[in-house]
file my_file_34.csv (CSV, C-alpha atoms and all ligand atoms)
chain,number,residue,atom,x,y,z
A,1,MET,CA,10.7,-41.9,31.5
A,2,SER,CA,14.3,-40.8,31.6
A,3,ARG,CA,15.4,-44.0,29.8
A,4,GLU,CA,12.7,-43.4,27.2
A,5,LEU,CA,13.8,-39.9,26.7
A,6,PHE,CA,17.4,-41.1,26.3
A,7,GLU,CA,16.3,-43.7,23.8
A,8,ALA,CA,14.4,-41.1,21.8
A,9,ALA,CA,17.4,-38.8,21.6
A,10,ARG,CA,19.6,-41.7,20.5
A,11,ALA,CA,17.1,-42.8,17.9
A,12,ALA,CA,16.7,-39.2,16.6
A,13,MET,CA,20.5,-38.9,16.2
A,14,THR,CA,20.4,-41.6,13.5
A,15,LYS,CA,18.1,-39.4,11.5
A,16,CYS,CA,20.6,-36.4,11.3
A,17,HIS,CA,21.5,-34.8,8.1
A,18,ALA,CA,25.1,-34.0,8.8
A,19,PRO,CA,27.1,-34.6,5.6
A,20,TYR,CA,29.5,-31.7,6.2
A,21,SER,CA,30.4,-31.9,9.8
A,22,LYS,CA,29.8,-35.7,10.1
A,23,PHE,CA,28.8,-34.9,13.7
A,24,PRO,CA,25.5,-36.5,14.4
A,25,VAL,CA,23.5,-35.0,17.3
A,26,GLY,CA,20.1,-36.1,18.7
A,27,ALA,CA,17.8,-34.4,21.2
A,28,ALA,CA,14.5,-35.4,22.8
A,29,ILE,CA,12.1,-33.2,24.8
A,30,LEU,CA,9.7,-34.4,27.4
A,31,ALA,CA,7.0,-31.7,27.2
A,32,ASP,CA,4.2,-30.6,29.6
A,33,ASP,CA,1.7,-32.7,27.6
A,34,GLY,CA,3.6,-35.8,28.7
A,35,ASN,CA,4.8,-36.5,25.1
A,36,ILE,CA,8.3,-36.8,23.8
A,37,TYR,CA,9.4,-34.7,20.8
A,38,ALA,CA,12.7,-35.6,19.2
A,39,GLY,CA,15.0,-34.0,16.6
A,40,ALA,CA,18.4,-34.2,14.9
A,41,ASN,CA,20.8,-31.7,13.5
A,42,ILE,CA,20.1,-30.7,9.9
A,43,GLU,CA,22.9,-29.2,7.8
A,44,VAL,CA,22.9,-27.2,4.6
A,45,LEU,CA,25.6,-26.7,2.0
A,46,SER,CA,25.6,-23.0,2.9
A,47,PHE,CA,27.0,-23.9,6.3
A,48,PRO,CA,25.5,-21.2,8.6
A,49,GLU,CA,22.0,-22.2,7.4
A,50,GLY,CA,22.0,-25.5,9.2
A,51,TRP,CA,20.5,-26.0,12.6
A,52,CYS,CA,20.9,-28.0,15.8
A,53,ALA,CA,19.1,-31.1,17.0
A,54,GLU,CA,17.6,-29.2,19.9
A,55,THR,CA,16.1,-26.7,17.5
A,56,THR,CA,14.4,-29.5,15.5
A,57,ALA,CA,13.0,-31.0,18.7
A,58,ILE,CA,11.6,-27.6,19.8
A,59,GLY,CA,10.0,-27.2,16.4
A,60,HIS,CA,8.3,-30.5,16.7
A,61,MET,CA,7.1,-29.7,20.2
A,62,VAL,CA,5.6,-26.3,19.2
A,63,MET,CA,3.9,-27.7,16.2
A,64,ALA,CA,2.3,-30.4,18.2
A,65,GLY,CA,0.7,-27.8,20.5
A,66,ALA,CA,2.8,-28.5,23.6
A,67,LYS,CA,3.9,-25.4,25.5
A,68,ARG,CA,6.6,-26.1,28.0
A,69,ILE,CA,9.8,-28.2,28.2
A,70,ARG,CA,10.0,-30.4,31.4
A,71,GLU,CA,13.2,-32.3,30.5
A,72,VAL,CA,15.6,-32.6,27.5
A,73,ALA,CA,18.1,-35.3,26.6
A,74,VAL,CA,21.0,-34.5,24.2
A,75,ILE,CA,23.5,-36.9,22.7
A,76,ALA,CA,26.3,-36.7,20.1
A,77,GLU,CA,27.9,-39.7,18.5
A,78,LYS,CA,31.4,-38.3,18.6
A,79,LEU,CA,31.5,-36.4,21.9
A,80,GLU,CA,31.4,-37.9,25.4
A,81,LEU,CA,28.9,-35.3,26.5
A,82,CYS,CA,27.3,-32.6,24.3
A,83,PRO,CA,26.2,-29.5,26.2
A,84,PRO,CA,23.8,-27.5,24.0
A,85,CYS,CA,25.4,-24.6,22.1
A,86,GLY,CA,24.7,-21.0,23.2
A,87,GLY,CA,21.9,-20.4,20.7
A,88,CYS,CA,20.1,-23.6,21.7
A,89,ARG,CA,20.4,-22.6,25.4
A,90,GLN,CA,18.5,-19.5,24.7
A,91,ARG,CA,15.9,-21.4,22.6
A,92,LEU,CA,15.5,-24.0,25.3
A,93,ALA,CA,15.1,-21.3,27.9
A,94,GLU,CA,12.3,-19.8,25.9
A,95,PHE,CA,10.2,-22.8,26.7
A,96,ALA,CA,11.7,-24.1,29.9
A,97,ASN,CA,11.4,-23.0,33.5
A,98,ALA,CA,14.5,-22.6,35.6
A,99,ASP,CA,14.1,-26.1,37.2
A,100,ALA,CA,13.7,-28.0,33.9
A,101,LEU,CA,16.2,-30.7,33.5
A,102,ILE,CA,18.8,-31.0,30.8
A,103,HIS,CA,20.3,-34.5,30.5
A,104,LEU,CA,23.7,-34.9,28.8
A,105,CYS,CA,24.1,-38.5,27.5
A,106,ASP,CA,26.7,-40.8,26.2
A,107,ALA,CA,26.0,-44.0,24.1
A,108,ASP,CA,24.8,-45.9,27.2
A,109,GLY,CA,22.6,-43.4,28.9
A,110,ILE,CA,22.3,-40.2,30.9
A,111,ARG,CA,25.6,-39.1,32.4
A,112,LYS,CA,25.1,-35.6,33.7
A,113,THR,CA,21.9,-33.6,34.5
A,114,LEU,CA,21.8,-29.9,34.8
A,115,ARG,CA,18.9,-27.5,35.6
A,116,MET,CA,18.0,-24.9,32.9
A,117,ASP,CA,19.3,-22.1,35.1
A,118,GLU,CA,22.7,-24.0,35.5
A,119,LEU,CA,23.0,-24.5,31.8
A,120,LEU,CA,22.1,-20.8,31.1
A,121,PRO,CA,22.8,-18.6,34.0
A,122,HIS,CA,22.2,-14.9,33.4
A,123,GLY,CA,20.2,-15.6,30.2
A,124,PHE,CA,18.7,-12.8,28.3
A,125,LYS,CA,15.3,-11.8,29.7
A,126,THR,CA,13.0,-8.7,29.3
A,127,GLU,CA,9.9,-7.8,31.3
A,128,VAL,CA,7.9,-9.1,28.3
A,129,ILE,CA,8.6,-12.7,29.2
A,130,GLY,CA,9.2,-12.0,32.9
A,201,LIG,N1,25.0,-29.3,17.0
A,201,LIG,C1,23.8,-29.6,17.6
A,201,LIG,O1,23.0,-30.3,16.9
A,201,LIG,N2,23.5,-29.3,18.8
A,201,LIG,C2,24.4,-28.6,19.7
A,201,LIG,O2,24.1,-28.2,20.8
A,201,LIG,C3,25.8,-28.3,19.2
A,201,LIG,C4,26.0,-28.6,17.7
A,201,LIG,C5,25.3,-29.7,15.6
A,201,LIG,C6,25.3,-28.5,14.7
A,201,LIG,C7,26.2,-29.1,13.6
A,201,LIG,O3,25.3,-29.8,12.7
A,201,LIG,C8,27.1,-30.1,14.2
A,201,LIG,O4,26.5,-30.3,15.6
A,201,LIG,C9,28.5,-29.7,14.3
A,201,LIG,O5,28.6,-28.5,14.9
call {"tool": "encode", "arguments": {"input": "my_file_34.csv", "output": "structure tokens"}}
result
Amino acid sequence: MSRELFEAARAAMTKCHAPYSKFPVGAAILADDGNIYAGANIEVLSFPEGWCAETTAIGHMVMAGAKRIREVAVIAEKLELCPPCGGCRQRLAEFANADALIHLCDADGIRKTLRMDELLPHGFKTEVIG
């Protein structure tokens, strides 16, 4: 399944819309329903309005009715490993338990795996979400 997740992230990366940064990123989520939801970064001429690959993948997962993230794979064409940005860490943490796995990939496969609580220690929490 890890290989499948990696392949989904790599395939998603080719769908990026990144004409400004020319920095393609792909992400794929293995959700609690057993399905994979993928996404790429999508940029906008008004630069701050673009969003990350992880965010696209989360949107796909939520709209399909899946609730929780079990694993995520992230890949960037031009970076050896692409750790999710700060905002995406908080978005992933919204849907991932502390022991969910975040796989950082290069062109050949998964190179490094972190738990959600390693990727985002001391993340923002309130009693509302426990
Ligand atoms: N990007 C992602 O898609 N995910 C990340 O975690 C970091 C950055 C995208 C945003 C932008 O389209 C491009 O990479 C360059 O910053």
call {"tool": "closest_atom_pairs", "arguments": {"input": "my_file_34.csv", "of": "chain A", "to": "ligand LIG 201 (chain A)", "cutoff": "8 Å", "atoms": "all atoms listed in the file", "output": "CSV"}}
result
residue,atom,partner,partner_atom,distance
A:His17,CA,A:LIG201,O3,7.8
A:Ala18,CA,A:LIG201,O3,5.7
A:Tyr20,CA,A:LIG201,O3,8.0
A:Ser21,CA,A:LIG201,C9,5.4
A:Lys22,CA,A:LIG201,C9,7.4
A:Phe23,CA,A:LIG201,C8,5.1
A:Pro24,CA,A:LIG201,O4,6.4
A:Val25,CA,A:LIG201,O1,4.7
A:Gly26,CA,A:LIG201,O1,6.7
A:Ala27,CA,A:LIG201,O1,7.9
A:Ala40,CA,A:LIG201,O1,6.4
A:Asn41,CA,A:LIG201,O1,4.3
A:Ile42,CA,A:LIG201,O3,6.0
A:Glu43,CA,A:LIG201,O3,5.5
A:Gly50,CA,A:LIG201,O3,6.5
A:Trp51,CA,A:LIG201,C6,5.8
A:Cys52,CA,A:LIG201,O1,3.3
A:Ala53,CA,A:LIG201,O1,4.0
A:Glu54,CA,A:LIG201,N2,6.0
A:Thr55,CA,A:LIG201,O1,7.8
A:Val74,CA,A:LIG201,O2,7.8
A:Ala76,CA,A:LIG201,O4,7.8
A:Cys82,CA,A:LIG201,O2,6.5
A:Pro83,CA,A:LIG201,O2,5.9
A:Pro84,CA,A:LIG201,O2,3.3
A:Cys85,CA,A:LIG201,O2,4.0
A:Gly86,CA,A:LIG201,O2,7.6
A:Cys88,CA,A:LIG201,O2,6.2
call {"tool": "residues_around", "arguments": {"input": "my_file_34.csv", "residues": "Ala96 of chain A", "least_positions_apart": "3", "cutoff": "9 Å", "atoms": "only C-alpha atoms", "output": "list of chain:residue names"}}
result
A:Arg68, A:Ile69, A:Arg70, A:Glu71, A:Arg91, A:Leu92, A:Ala93, A:Asp99, A:Ala100, A:Leu101, A:Met116
call {"tool": "residues_around", "arguments": {"input": "my_file_34.csv", "residues": "segment 3-12 of chain A", "least_positions_apart": "3", "cutoff": "9 Å", "atoms": "only C-alpha atoms", "output": "PDB file with C-alpha atoms, in the coordinates of the input"}}
result
ATOM      1  CA  LYS A  15      18.100 -39.400  11.500  1.00  0.00           C
ATOM      2  CA  CYS A  16      20.600 -36.400  11.300  1.00  0.00           C
ATOM      3  CA  VAL A  25      23.500 -35.000  17.300  1.00  0.00           C
ATOM      4  CA  GLY A  26      20.100 -36.100  18.700  1.00  0.00           C
ATOM      5  CA  ALA A  27      17.800 -34.400  21.200  1.00  0.00           C
ATOM      6  CA  ALA A  28      14.500 -35.400  22.800  1.00  0.00           C
ATOM      7  CA  ILE A  29      12.100 -33.200  24.800  1.00  0.00           C
ATOM      8  CA  LEU A  30       9.700 -34.400  27.400  1.00  0.00           C
ATOM      9  CA  ILE A  36       8.300 -36.800  23.800  1.00  0.00           C
ATOM     10  CA  TYR A  37       9.400 -34.700  20.800  1.00  0.00           C
ATOM     11  CA  ALA A  38      12.700 -35.600  19.200  1.00  0.00           C
ATOM     12  CA  GLY A  39      15.000 -34.000  16.600  1.00  0.00           C
ATOM     13  CA  ALA A  40      18.400 -34.200  14.900  1.00  0.00           C
ATOM     14  CA  ALA A  53      19.100 -31.100  17.000  1.00  0.00           C
ATOM     15  CA  GLU A  71      13.200 -32.300  30.500  1.00  0.00           C
ATOM     16  CA  VAL A  72      15.600 -32.600  27.500  1.00  0.00           C
ATOM     17  CA  ALA A  73      18.100 -35.300  26.600  1.00  0.00           C
ATOM     18  CA  VAL A  74      21.000 -34.500  24.200  1.00  0.00           C
ATOM     19  CA  ILE A  75      23.500 -36.900  22.700  1.00  0.00           C
ATOM     20  CA  ALA A  76      26.300 -36.700  20.100  1.00  0.00           C
ATOM     21  CA  GLU A  77      27.900 -39.700  18.500  1.00  0.00           C
ATOM     22  CA  HIS A 103      20.300 -34.500  30.500  1.00  0.00           C
ATOM     23  CA  CYS A 105      24.100 -38.500  27.500  1.00  0.00           C
ATOM     24  CA  ALA A 107      26.000 -44.000  24.100  1.00  0.00           C
ATOM     25  CA  ASP A 108      24.800 -45.900  27.200  1.00  0.00           C
ATOM     26  CA  GLY A 109      22.600 -43.400  28.900  1.00  0.00           C
ATOM     27  CA  ILE A 110      22.300 -40.200  30.900  1.00  0.00           C
TER      28      ILE A 110
END
call {"tool": "atom_distance", "arguments": {"input": "my_file_34.csv", "atom1": "atom CA of Gly59 of chain A", "atom2": "atom CA of Leu81 of chain A"}}
result
22.9 Å
call {"tool": "atom_distance", "arguments": {"input": "my_file_34.csv", "atom1": "atom CA of Arg111 of chain A", "atom2": "atom CA of Met13 of chain A"}}
result
17.0 Å
call {"tool": "axis_aligned_box", "arguments": {"input": "my_file_34.csv", "around": "segment 39-51 of chain A", "padding_each_side": "3 Å", "output": "lines of an AutoDock Vina configuration file"}}
result
center_x = 21.0
center_y = -27.7
center_z = 9.3
size_x = 18.0
size_y = 19.0
size_z = 20.6
call {"tool": "closest_residue", "arguments": {"input": "my_file_34.csv", "among": "A:Thr126, A:Asp106, A:Leu114, A:Met63", "to": "Glu94 of chain A", "atoms": "only C-alpha atoms"}}
result
A:Thr126
call {"tool": "decode", "arguments": {"input": "my_file_34.csv", "residues": "segment 95-119 of chain A", "atoms": "N, CA and C atoms", "output": "compact mmCIF listing (two decimals), in the first residue's frame"}}
result
# COMPACT_ATOMS: atom_id res chain seq x y z
N PHE A 95 -7.09 16.23 10.70
CA PHE A 95 -7.71 14.97 10.27
C PHE A 95 -6.86 13.74 10.59
N ALA A 96 -5.73 13.94 11.29
CA ALA A 96 -4.80 12.83 11.53
C ALA A 96 -4.55 12.66 13.01
N ASN A 97 -4.54 11.42 13.48
CA ASN A 97 -4.14 11.15 14.87
C ASN A 97 -2.63 11.31 14.99
N ALA A 98 -2.15 11.34 16.23
CA ALA A 98 -0.72 11.54 16.49
C ALA A 98 0.14 10.47 15.83
N ASP A 99 -0.41 9.26 15.69
CA ASP A 99 0.41 8.17 15.12
C ASP A 99 0.22 7.98 13.61
N ALA A 100 -0.49 8.88 12.95
CA ALA A 100 -0.58 8.82 11.48
C ALA A 100 0.81 9.02 10.88
N LEU A 101 1.05 8.41 9.74
CA LEU A 101 2.40 8.44 9.15
C LEU A 101 2.47 9.40 7.97
N ILE A 102 3.53 10.22 7.97
CA ILE A 102 3.78 11.15 6.87
C ILE A 102 5.05 10.69 6.18
N HIS A 103 4.91 10.28 4.92
CA HIS A 103 6.04 9.76 4.16
C HIS A 103 6.59 10.86 3.25
N LEU A 104 7.88 11.15 3.39
CA LEU A 104 8.54 12.11 2.51
C LEU A 104 9.25 11.31 1.42
N CYS A 105 9.00 11.68 0.16
CA CYS A 105 9.43 10.86 -0.97
C CYS A 105 10.39 11.60 -1.88
N ASP A 106 11.25 10.84 -2.55
CA ASP A 106 11.98 11.37 -3.70
C ASP A 106 11.44 10.68 -4.94
N ALA A 107 12.12 10.83 -6.07
CA ALA A 107 11.59 10.32 -7.34
C ALA A 107 11.44 8.80 -7.35
N ASP A 108 12.16 8.13 -6.46
CA ASP A 108 12.16 6.65 -6.49
C ASP A 108 11.25 6.01 -5.45
N GLY A 109 10.88 6.76 -4.43
CA GLY A 109 10.04 6.14 -3.41
C GLY A 109 10.11 6.88 -2.09
N ILE A 110 9.58 6.22 -1.05
CA ILE A 110 9.56 6.81 0.29
C ILE A 110 10.97 6.82 0.86
N ARG A 111 11.41 7.98 1.34
CA ARG A 111 12.77 8.09 1.88
C ARG A 111 12.79 8.31 3.38
N LYS A 112 11.73 8.93 3.92
CA LYS A 112 11.71 9.23 5.35
C LYS A 112 10.26 9.22 5.81
N THR A 113 10.01 8.62 6.96
CA THR A 113 8.64 8.57 7.48
C THR A 113 8.61 9.16 8.89
N LEU A 114 7.67 10.08 9.09
CA LEU A 114 7.50 10.73 10.40
C LEU A 114 6.08 10.49 10.89
N ARG A 115 5.91 10.45 12.20
CA ARG A 115 4.55 10.45 12.77
C ARG A 115 4.01 11.88 12.75
N MET A 116 2.69 11.99 12.77
CA MET A 116 2.08 13.32 12.76
C MET A 116 2.60 14.17 13.92
N ASP A 117 2.77 13.55 15.09
CA ASP A 117 3.22 14.35 16.25
C ASP A 117 4.72 14.67 16.21
N GLU A 118 5.45 14.03 15.29
CA GLU A 118 6.84 14.44 15.07
C GLU A 118 6.88 15.60 14.07
N LEU A 119 5.98 15.53 13.08
CA LEU A 119 5.93 16.58 12.07
C LEU A 119 5.40 17.88 12.66
